[in-house]
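Engineer: Got a structure here, written out as structure tokens. Questions coming.
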Amino acid sequence: MKLKHTILLGAAVAGLLGSAVASADEQFIGLPSYRVGPYASGGSGLFGGWIDYMQLINERDGGVNGVKLTWEECETEYNNARGVECYERLKKKGSTGNSVFQPVSTGITYSVLDKVAQDKIPMVTIGYGRTDAADGRVFPWVFPMITTYWSQASAIVNFMGQKEGGMDKLKGKKIGLLYHDSAYGKESHAIMDKLAAKHGFEVIKIAVAHPGNEQQSQWLQIRQAKPDYVVLWGWGVMNPTAIKAAAKTGFPREKLIGVWWSGAEEDTIPAGPAAKGFIAAGFNVAGANYPVVADIKKHVYGKNKGNMEDKARVGSVYYNRGVVHGIITVEAIRKAQEKYGKGKALTGEQVRWGFENLNLDDARLKALGATGFMPPLKITCADHEGPGKVKFQQWDGAQWKVITDWVDSDRPLVRGMIEESAAAYAKEKGIKPRDCSKES
Amino acid sequence: MLYREAGQFKASYAEDARIFPIRQDRIGFWVLMLVFGVAVPLLTNEYWLKAILIPVLIFSLAALGLNILTGYAGQLSLGSAAFMAVGAFAAYNFMLRIDGMPFLVALVLAGLTSAAVGIVFGLPSLRIKGFYLAVATLAAQFFIVWALVKFPWFSNNSSSGVVTAQAVTILGYTFESPEAKYVLTFLIVAFMALLAKNMVRSSTGRAWMAVRDMDVAAQVIGFRLMRTKLLAFAVSSFYCGVAGALYAYTYIGTVEPEGFNLDLSFKILFMIIIGGVGSIMGSFLGAAFIVLLPIFLDNVVPALFGDALGAGFVSNFQLIIFGGLIIFFLIVEPHGLARLWQIAKEKLRLWPFPH
């Protein structure tokens, strides 16, 4: 009996290994997802949206120029060691290997940073990861696209300036920075200090220890300091706790501004009515009335092939963020096919070229049905970040409402910091930056 | 039949005191060493080496460290991951700040740094025991990770607190390929396991066990409690520190303090509970179990049930099976996998004619 079971199990494993051999016109995308663990609520939405978008391309368009997209999930549990295992497991799958690795975890990003260059697989980190990797001369294989933490901080300050009626009005103001006490939260320090010096406001940094479900002393501190704004640089359970504490101490929610990891339905709904008026930045917006999301509903959920178990989450912030991941991945493959042959499965190295020459202008976004859904994006050899813009959304008690257009960041300042930091990294690691004038 | 010791005589003290008194065990041991030291790096692929075998070896070493403290000296600790962090960051800083620092020396220094920190956090063990000590070591876990994030000097002022390990070069040879890294890790772990085995068989180990079994009695018969307990903390932290440095240098390559969180400490504790408390071999079996089983499940479960259950449920289902298997093994054999192996050995000696 036991022997029989063992044989069955062995056969199952063998079948699994056998199925990895795919036909030539399929493009494989490895998904290091997390659907359990502390960040599962975000992970399930994001990977659901991403998979649904790829399913849409297969169902509606029959793939990218006829090349069907295939994918496989690998559970990382948001754990670095498991992430590395997933990276190694996925990298040789499919006929041409993994096309792109997008860990959606800063820790895993760092863990595979050197490996992607050796294995020639591009890594795309949208809105997380190593900020100075935006300097494509030093990090040819890493793409921290759309915007980085530093651009975001700068855009938030610009937004405050808009609200006050001019950047010069920020002089003498006090801005509280309530941050998650981790590497992620500390990313905000250097840029906020620089911005404070430039615009003449004062930054009050207040740390919240992980996981952040106890913030009484921090909010006491905020009450004493009476800042004009508080930036919520939070993560997970820290966000609803902060919003509730703000309500309790009487701090106006309209002056509490979250980063994009603080601004999803998962952060506001648990806070209940206290969250009404809370504002958060985002490089994508919520809402299901964009043509791209409507198409997913029609072609994917209409055929009952959707990935989300809870269909009500289609159009939520995390779900739409996953759709953005999908759009960027598919468009890079499409771009690379223009150079390396339409209708062919591409290697990671070829897809990297597609990312580096990606240009999603207004016309392209309109064709994709994503106008206003994400900012127009142009990547170059030197600049792997792109626009660095965010939109601000306000929670009206039931859903997110977009309240601004795309808000710019202070590009020269941020880019200067990125180049300085990347140069220091290149020196430490002995990397010779690429000469971008020689890239085609 | 094959596993019978009839006709094997011990004619000298040296023969009597050897680690494997039975010839078949010795042969088995060397076969195992050859398989894992020579055949495995030659035959397996990159995925197995980088993603499976190297972490199993490194976590075995960390589990071994905790086993010395908890299994042999009886001091419960929840700070193993923090001591790994000390080792990783110490090795990084020694390599960074001292020009021409040889890797192996940095590894030993990292272990010693970790040992020194371990002694400091071992001091409460002189007064408190059992679960209360576990809580005191919890302080080490939180304090060390906090300190590594708080003071940017440790991570050489990196804006995100993450450090990237330097290249590993020994005698001019750079360990870059997965095979080379695996062999290096294997040799270090094998050497330290041998050292640990001999330590627990010597008077040091006997002192630890005496303290574990009843510390008042041990004190009465003349063991110095302070020295014994602190030595156990030092040796244990040394092992964890070396494991942490290897984790940074031969496995992940970049480390951040948050990677060494309480979860990892618990994981190492589970490794020794599953593998066998107070057993060198158990550390290896437990580490293999805890590292490999989730990966195995992640490969098998979605393939078998993926279509029927949906991705979200499959991920949770794996954890359910994993937890269930842990409970199953603890019910079947509360003394861990190492004890199962011992029972198998007893049975093998009589096989095929038990009575």
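Order determines the names: the first chain of the structure tokens is A, the second B, and so forth; residues in each chain are numbered 1 upward, and ligands are numbered 1 upward as they are shown.
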Considering only C-alpha atoms, extract the chain A residues located within 6 Å of chain B and return them as a ChimeraX atom specification.
Structural biologist: /A:35,85,88,111,183,187
Engineer: Write out as a list in words each polymer residue whose atoms come within 12 Å of Leu194 in chain B, counting only C-alpha atoms; drop sequence neighbours fewer than 2 positions from it.
Structural biologist: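 Close residues of Leu194 in chain B: Arg18, Ile19, Phe20, Phe29, Leu61, Leu64, Leu187, Ile188, Val189, Ala190, Phe191, Met192, Ala196, Lys197, Asn198, Met199, Val200, Arg201, Ile280 and Met281 of chain B.
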Engineer: Keeping only N, CA and C atoms, write the selected residues as a short mmCIF file (atom, residue, chain, number, x, y, z; two decimals), in the first residue's frame.
Structural biologist:
```cif
data_model
loop_
_atom_site.label_atom_id
_atom_site.label_comp_id
_atom_site.auth_asym_id
_atom_site.auth_seq_id
_atom_site.Cartn_x
_atom_site.Cartn_y
_atom_site.Cartn_z
N ARG B 18 36.20 5.48 19.37
CA ARG B 18 35.92 6.11 18.08
C ARG B 18 34.43 6.46 17.95
N ILE B 19 34.15 7.38 17.02
CA ILE B 19 32.78 7.88 16.89
C ILE B 19 31.85 6.79 16.40
N PHE B 20 32.31 6.02 15.41
CA PHE B 20 31.47 4.95 14.88
C PHE B 20 32.11 3.62 15.24
N PHE B 29 29.42 6.03 6.66
CA PHE B 29 29.78 7.43 6.85
C PHE B 29 30.65 7.93 5.69
N LEU B 61 23.95 23.69 10.17
CA LEU B 61 24.97 24.22 11.05
C LEU B 61 24.33 25.09 12.14
N LEU B 64 22.66 22.88 14.51
CA LEU B 64 23.68 22.25 15.34
C LEU B 64 24.06 23.18 16.49
N LEU B 187 32.61 21.46 3.24
CA LEU B 187 33.82 21.17 4.02
C LEU B 187 33.75 21.87 5.38
N ILE B 188 33.31 23.12 5.38
CA ILE B 188 33.25 23.85 6.65
C ILE B 188 32.23 23.19 7.59
N VAL B 189 31.06 22.87 7.03
CA VAL B 189 30.01 22.28 7.87
C VAL B 189 30.46 20.90 8.38
N ALA B 190 31.07 20.10 7.51
CA ALA B 190 31.52 18.77 7.93
C ALA B 190 32.56 18.88 9.04
N PHE B 191 33.50 19.81 8.86
CA PHE B 191 34.54 19.99 9.87
C PHE B 191 33.94 20.42 11.20
N MET B 192 33.01 21.36 11.14
CA MET B 192 32.44 21.86 12.40
C MET B 192 31.53 20.82 13.05
N ALA B 196 31.93 19.34 16.73
CA ALA B 196 30.84 19.34 17.69
C ALA B 196 30.65 17.94 18.27
N LYS B 197 30.74 16.95 17.39
CA LYS B 197 30.56 15.57 17.85
C LYS B 197 31.59 15.23 18.91
N ASN B 198 32.83 15.65 18.66
CA ASN B 198 33.88 15.35 19.63
C ASN B 198 33.74 16.19 20.89
N MET B 199 33.23 17.39 20.73
CA MET B 199 33.04 18.23 21.90
C MET B 199 32.01 17.62 22.85
N VAL B 200 30.92 17.12 22.28
CA VAL B 200 29.88 16.59 23.17
C VAL B 200 30.28 15.24 23.76
N ARG B 201 31.29 14.60 23.17
CA ARG B 201 31.76 13.33 23.76
C ARG B 201 32.83 13.57 24.81
N ILE B 280 23.53 15.23 17.17
CA ILE B 280 24.20 15.95 16.09
C ILE B 280 23.52 15.61 14.77
N MET B 281 23.25 14.32 14.60
CA MET B 281 22.64 13.90 13.35
C MET B 281 21.24 14.50 13.19
#
```
Engineer: For Met308 in chain A, list every protein, DNA or RNA residue within 10 Å, evaluated using only C-alpha atoms, and leave out those in the same chain fewer than 3 positions away; present the list as a PyMOL selection string.
Structural biologist: (chain A and resi 44-49+51-52+301+305+311-314+319) or (chain B and resi 310-312)
Engineer: From the set A:Leu368, A:Ala426, A:Ile243, A:Val317, which residue has the shortest atom-to-atom contact distance to Val330 in chain A, counting only C-alpha atoms?
Structural biologist: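 Closest candidate: A:Leu368.
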Engineer: With a distance cut-off of 9 Å and only C-alpha atoms, select the neighbouring residues of Glu176 in chain B, excluding the residue or stretch itself and same-chain residues fewer than 6 positions from it, and output the selection as a short mmCIF file (atom, residue, chain, number, x, y, z; two decimals) with C-alpha atoms, in the first residue's frame.
Structural biologist:
```cif
data_model
loop_
_atom_site.label_atom_id
_atom_site.label_comp_id
_atom_site.auth_asym_id
_atom_site.auth_seq_id
_atom_site.Cartn_x
_atom_site.Cartn_y
_atom_site.Cartn_z
CA ALA B 167 33.66 37.77 -3.29
CA VAL B 168 34.98 34.72 -1.47
CA THR B 169 38.63 34.18 -2.31
CA THR B 250 27.87 31.25 -0.02
#
```
Engineer: Could you list, as a ChimeraX atom specification, every residue within 7 Å of range 431-438 of chain A, counting only C-alpha atoms and ignoring same-chain residues fewer than 2 positions away?
Structural biologist: /A:137-138,381-382,426-427,429,440
Engineer: Could you take the residues named above and write them with N, CA and C atoms, as a PDB file, in the first residue's frame?
Structural biologist:
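Below is the file out-v2.pdb, written as the result:
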```pdb
ATOM      1  N   ARG A 137      22.978  52.552 -16.252  1.00  0.00           N
ATOM      2  CA  ARG A 137      24.362  52.355 -16.665  1.00  0.00           C
ATOM      3  C   ARG A 137      25.072  51.404 -15.717  1.00  0.00           C
ATOM      4  N   VAL A 138      24.696  51.466 -14.439  1.00  0.00           N
ATOM      5  CA  VAL A 138      25.333  50.596 -13.443  1.00  0.00           C
ATOM      6  C   VAL A 138      24.547  49.296 -13.285  1.00  0.00           C
ATOM      7  N   CYS A 381      18.347  53.697 -21.766  1.00  0.00           N
ATOM      8  CA  CYS A 381      19.511  52.975 -21.248  1.00  0.00           C
ATOM      9  C   CYS A 381      19.962  53.560 -19.916  1.00  0.00           C
ATOM     10  N   ALA A 382      19.986  54.883 -19.803  1.00  0.00           N
ATOM     11  CA  ALA A 382      20.475  55.499 -18.573  1.00  0.00           C
ATOM     12  C   ALA A 382      19.388  55.537 -17.510  1.00  0.00           C
ATOM     13  N   ALA A 426      28.855  51.158  -7.740  1.00  0.00           N
ATOM     14  CA  ALA A 426      29.729  50.693  -8.819  1.00  0.00           C
ATOM     15  C   ALA A 426      31.171  50.653  -8.344  1.00  0.00           C
ATOM     16  N   LYS A 427      31.552  51.642  -7.545  1.00  0.00           N
ATOM     17  CA  LYS A 427      32.919  51.704  -7.055  1.00  0.00           C
ATOM     18  C   LYS A 427      33.192  50.549  -6.092  1.00  0.00           C
ATOM     19  N   LYS A 429      31.681  47.678  -5.909  1.00  0.00           N
ATOM     20  CA  LYS A 429      31.657  46.369  -6.558  1.00  0.00           C
ATOM     21  C   LYS A 429      32.597  46.278  -7.744  1.00  0.00           C
ATOM     22  N   SER A 440      22.400  50.168 -28.648  1.00  0.00           N
ATOM     23  CA  SER A 440      21.447  50.343 -29.748  1.00  0.00           C
ATOM     24  C   SER A 440      20.047  50.061 -29.243  1.00  0.00           C
TER      25      SER A 440
END
```
Engineer: Using DSSP assignments from the backbone, pull out every residue in range 7-180 of chain A that falls under alpha helix (DSSP H) and give it to me as a ChimeraX atom specification.
Structural biologist: /A:7-18,40-61,80-90,106-119,149-164
Engineer: From the set A:Thr347, A:Thr147, A:Thr96, A:Thr106, which residue has the shortest atom-to-atom contact distance to Gly129 in chain A, counting only C-alpha atoms?
Structural biologist: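 Comparing A:Thr347, A:Thr147, A:Thr96, A:Thr106 against Gly129 in chain A, the winner is A:Thr106.
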Engineer: Report the distance between CA of Ser265 in chain B and CA of Leu66 in chain B in Å, rounded to one decimal place.
Structural biologist: 9.5 Å
Engineer: List as a VMD selection string the protein and nucleic acid residues near Ala6 in chain B, meaning an atom at most 12 Å away when only C-alpha atoms are counted, but skip any in the same chain fewer than 3 places from it.
Structural biologist: chain B and resid 1 to 3 9 to 10 22 to 24 349 to 350
Engineer: Could you tell me which of A:Met123, A:Val324, A:Ile222, A:Ala281 comes closest to Gly136 in chain A if we count only C-alpha atoms?
Structural biologist: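 Looking at the shortest contact to Gly136 in chain A, the residue is A:Met123.
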Engineer: CA of Phe283 in chain A and CA of Gly369 in chain A are how many Å apart?
Structural biologist: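 If I compute the distance from CA of Phe283 in chain A to CA of Gly369 in chain A, I get 16.3 Å.
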Engineer: Please provide the set of residues having any atom within 12 Å of Gly30 in chain A, restricted to only C-alpha atoms, with same-chain residues fewer than 4 positions apart removed, written as a ChimeraX atom specification.
Structural biologist: /A:20,47,50-51,69-75,83,86-94,96-103,121-123,329,348
Engineer: Would you output that residue set with N, CA and C atoms, as a JSON list (two decimals), in the first residue's frame?
Structural biologist:
```json
[["chain", "number", "residue", "atom", "x", "y", "z"],
["A", 20, "ALA", "N", 7.35, 20.59, -18.15],
["A", 20, "ALA", "CA", 8.07, 21.85, -18.30],
["A", 20, "ALA", "C", 8.53, 22.06, -19.74],
["A", 47, "PHE", "N", -1.01, 39.48, -7.77],
["A", 47, "PHE", "CA", -0.74, 38.40, -8.70],
["A", 47, "PHE", "C", -2.00, 37.99, -9.45],
["A", 50, "TRP", "N", -2.31, 40.47, -12.32],
["A", 50, "TRP", "CA", -1.26, 40.22, -13.30],
["A", 50, "TRP", "C", -1.61, 39.00, -14.17],
["A", 51, "ILE", "N", -2.02, 37.93, -13.51],
["A", 51, "ILE", "CA", -2.36, 36.71, -14.24],
["A", 51, "ILE", "C", -3.58, 36.96, -15.13],
["A", 69, "LEU", "N", 1.27, 33.30, -23.89],
["A", 69, "LEU", "CA", 1.99, 33.49, -22.64],
["A", 69, "LEU", "C", 1.70, 32.30, -21.73],
["A", 70, "THR", "N", 2.73, 31.77, -21.12],
["A", 70, "THR", "CA", 2.52, 30.73, -20.12],
["A", 70, "THR", "C", 3.18, 31.21, -18.83],
["A", 71, "TRP", "N", 2.71, 30.70, -17.74],
["A", 71, "TRP", "CA", 3.29, 31.13, -16.47],
["A", 71, "TRP", "C", 3.16, 30.03, -15.44],
["A", 72, "GLU", "N", 3.94, 30.17, -14.40],
["A", 72, "GLU", "CA", 3.85, 29.24, -13.28],
["A", 72, "GLU", "C", 4.09, 30.03, -12.02],
["A", 73, "GLU", "N", 3.29, 29.76, -11.01],
["A", 73, "GLU", "CA", 3.48, 30.44, -9.73],
["A", 73, "GLU", "C", 4.40, 29.64, -8.84],
["A", 74, "CYS", "N", 5.13, 30.34, -8.01],
["A", 74, "CYS", "CA", 5.98, 29.68, -7.02],
["A", 74, "CYS", "C", 5.78, 30.44, -5.72],
["A", 75, "GLU", "N", 5.37, 29.77, -4.69],
["A", 75, "GLU", "CA", 5.03, 30.44, -3.43],
["A", 75, "GLU", "C", 6.29, 30.86, -2.68],
["A", 83, "GLY", "N", 12.29, 32.83, -1.85],
["A", 83, "GLY", "CA", 12.33, 33.60, -3.09],
["A", 83, "GLY", "C", 13.49, 33.19, -3.97],
["A", 86, "CYS", "N", 12.68, 29.94, -5.53],
["A", 86, "CYS", "CA", 11.75, 30.13, -6.64],
["A", 86, "CYS", "C", 12.48, 30.66, -7.86],
["A", 87, "TYR", "N", 13.38, 31.61, -7.63],
["A", 87, "TYR", "CA", 14.12, 32.18, -8.75],
["A", 87, "TYR", "C", 14.88, 31.07, -9.48],
["A", 88, "GLU", "N", 15.56, 30.23, -8.71],
["A", 88, "GLU", "CA", 16.35, 29.16, -9.33],
["A", 88, "GLU", "C", 15.45, 28.14, -10.01],
["A", 89, "ARG", "N", 14.30, 27.89, -9.39],
["A", 89, "ARG", "CA", 13.40, 26.88, -9.95],
["A", 89, "ARG", "C", 12.80, 27.35, -11.28],
["A", 90, "LEU", "N", 12.48, 28.67, -11.33],
["A", 90, "LEU", "CA", 11.75, 29.17, -12.50],
["A", 90, "LEU", "C", 12.66, 29.54, -13.65],
["A", 91, "LYS", "N", 13.94, 29.75, -13.38],
["A", 91, "LYS", "CA", 14.74, 30.44, -14.39],
["A", 91, "LYS", "C", 14.96, 29.64, -15.66],
["A", 92, "LYS", "N", 14.92, 28.32, -15.60],
["A", 92, "LYS", "CA", 15.15, 27.51, -16.80],
["A", 92, "LYS", "C", 13.86, 26.95, -17.38],
["A", 93, "LYS", "N", 12.72, 27.31, -16.80],
["A", 93, "LYS", "CA", 11.45, 26.76, -17.29],
["A", 93, "LYS", "C", 11.08, 27.37, -18.64],
["A", 94, "GLY", "N", 10.21, 26.68, -19.37],
["A", 94, "GLY", "CA", 9.78, 27.19, -20.67],
["A", 94, "GLY", "C", 10.84, 26.93, -21.72],
["A", 96, "THR", "N", 12.42, 29.04, -23.59],
["A", 96, "THR", "CA", 13.53, 29.99, -23.64],
["A", 96, "THR", "C", 13.92, 30.48, -22.25],
["A", 97, "GLY", "N", 13.46, 29.80, -21.23],
["A", 97, "GLY", "CA", 13.79, 30.24, -19.88],
["A", 97, "GLY", "C", 12.84, 31.33, -19.43],
["A", 98, "ASN", "N", 13.01, 31.75, -18.17],
["A", 98, "ASN", "CA", 12.15, 32.78, -17.61],
["A", 98, "ASN", "C", 12.42, 34.11, -18.31],
["A", 99, "SER", "N", 11.35, 34.81, -18.72],
["A", 99, "SER", "CA", 11.55, 36.06, -19.46],
["A", 99, "SER", "C", 11.86, 37.22, -18.53],
["A", 100, "VAL", "N", 11.25, 37.22, -17.36],
["A", 100, "VAL", "CA", 11.44, 38.35, -16.46],
["A", 100, "VAL", "C", 11.13, 37.89, -15.05],
["A", 101, "PHE", "N", 11.86, 38.46, -14.07],
["A", 101, "PHE", "CA", 11.63, 38.11, -12.68],
["A", 101, "PHE", "C", 11.16, 39.37, -11.96],
["A", 102, "GLN", "N", 9.99, 39.29, -11.34],
["A", 102, "GLN", "CA", 9.46, 40.44, -10.61],
["A", 102, "GLN", "C", 9.04, 39.98, -9.22],
["A", 103, "PRO", "N", 9.94, 40.10, -8.24],
["A", 103, "PRO", "CA", 9.70, 39.46, -6.95],
["A", 103, "PRO", "C", 8.62, 40.10, -6.08],
["A", 121, "ILE", "N", 18.65, 37.49, -17.00],
["A", 121, "ILE", "CA", 17.20, 37.60, -16.89],
["A", 121, "ILE", "C", 16.91, 39.00, -16.34],
["A", 122, "PRO", "N", 16.08, 39.79, -17.02],
["A", 122, "PRO", "CA", 15.79, 41.12, -16.49],
["A", 122, "PRO", "C", 14.95, 41.04, -15.22],
["A", 123, "MET", "N", 15.18, 41.98, -14.31],
["A", 123, "MET", "CA", 14.36, 42.04, -13.10],
["A", 123, "MET", "C", 13.64, 43.37, -13.06],
["A", 329, "THR", "N", 4.97, 43.99, -18.59],
["A", 329, "THR", "CA", 5.61, 42.75, -19.02],
["A", 329, "THR", "C", 5.27, 42.45, -20.48],
["A", 348, "GLY", "N", 15.48, 35.79, -22.08],
["A", 348, "GLY", "CA", 15.48, 36.88, -21.11],
["A", 348, "GLY", "C", 16.32, 38.05, -21.59]]
```
Engineer: Rank nothing, just name the residue among A:Asp410, A:Glu349, A:Gly212, A:Ala246 nearest to Asp119 in chain A, using only C-alpha atoms.
Structural biologist: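 Under the stated criterion, the closest residue is A:Glu349.
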Engineer: Select from range 105-282 of chain B everything DSSP, run on the backbone, classes as strand (DSSP E), then give the selection as a PDB file with N, CA and C atoms, in the first residue's frame.
Structural biologist:
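The resulting file, result29.pdb, is reproduced below:
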```pdb
ATOM      1  N   VAL B 163      23.329  44.722   2.995  1.00  0.00           N
ATOM      2  CA  VAL B 163      24.731  44.638   2.609  1.00  0.00           C
ATOM      3  C   VAL B 163      24.923  43.531   1.584  1.00  0.00           C
ATOM      4  N   THR B 164      25.888  43.734   0.714  1.00  0.00           N
ATOM      5  CA  THR B 164      26.206  42.752  -0.307  1.00  0.00           C
ATOM      6  C   THR B 164      27.539  42.107   0.039  1.00  0.00           C
ATOM      7  N   THR B 169      37.387  34.602  -1.681  1.00  0.00           N
ATOM      8  CA  THR B 169      38.629  34.177  -2.311  1.00  0.00           C
ATOM      9  C   THR B 169      39.517  33.504  -1.269  1.00  0.00           C
ATOM     10  N   ILE B 170      39.937  32.290  -1.566  1.00  0.00           N
ATOM     11  CA  ILE B 170      40.852  31.597  -0.673  1.00  0.00           C
ATOM     12  C   ILE B 170      42.081  31.187  -1.472  1.00  0.00           C
ATOM     13  N   TYR B 173      42.009  31.586  -5.189  1.00  0.00           N
ATOM     14  CA  TYR B 173      40.915  30.982  -5.947  1.00  0.00           C
ATOM     15  C   TYR B 173      39.605  31.620  -5.522  1.00  0.00           C
ATOM     16  N   THR B 174      38.833  32.117  -6.491  1.00  0.00           N
ATOM     17  CA  THR B 174      37.554  32.757  -6.171  1.00  0.00           C
ATOM     18  C   THR B 174      36.418  31.736  -6.274  1.00  0.00           C
ATOM     19  N   THR B 254      23.324  38.706  -0.497  1.00  0.00           N
ATOM     20  CA  THR B 254      23.017  40.004   0.117  1.00  0.00           C
ATOM     21  C   THR B 254      22.143  39.727   1.323  1.00  0.00           C
ATOM     22  N   VAL B 255      22.410  40.442   2.407  1.00  0.00           N
ATOM     23  CA  VAL B 255      21.597  40.194   3.592  1.00  0.00           C
ATOM     24  C   VAL B 255      21.092  41.495   4.173  1.00  0.00           C
TER      25      VAL B 255
END
```
Engineer: Which distance in Å separates CA of Lys205 in chain A and CA of Asn80 in chain A, to one decimal?
Structural biologist: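 For CA of Lys205 in chain A relative to CA of Asn80 in chain A, the distance reads 28.2 Å.
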Engineer: Which of these residues is nearest to Gly278 in chain B, using only C-alpha atoms: B:Pro124, B:Gly71, B:Gly28, B:Gly37?
Structural biologist: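 Checking each of B:Pro124, B:Gly71, B:Gly28, B:Gly37 against Gly278 in chain B, counting only C-alpha atoms, the winner is B:Gly71.
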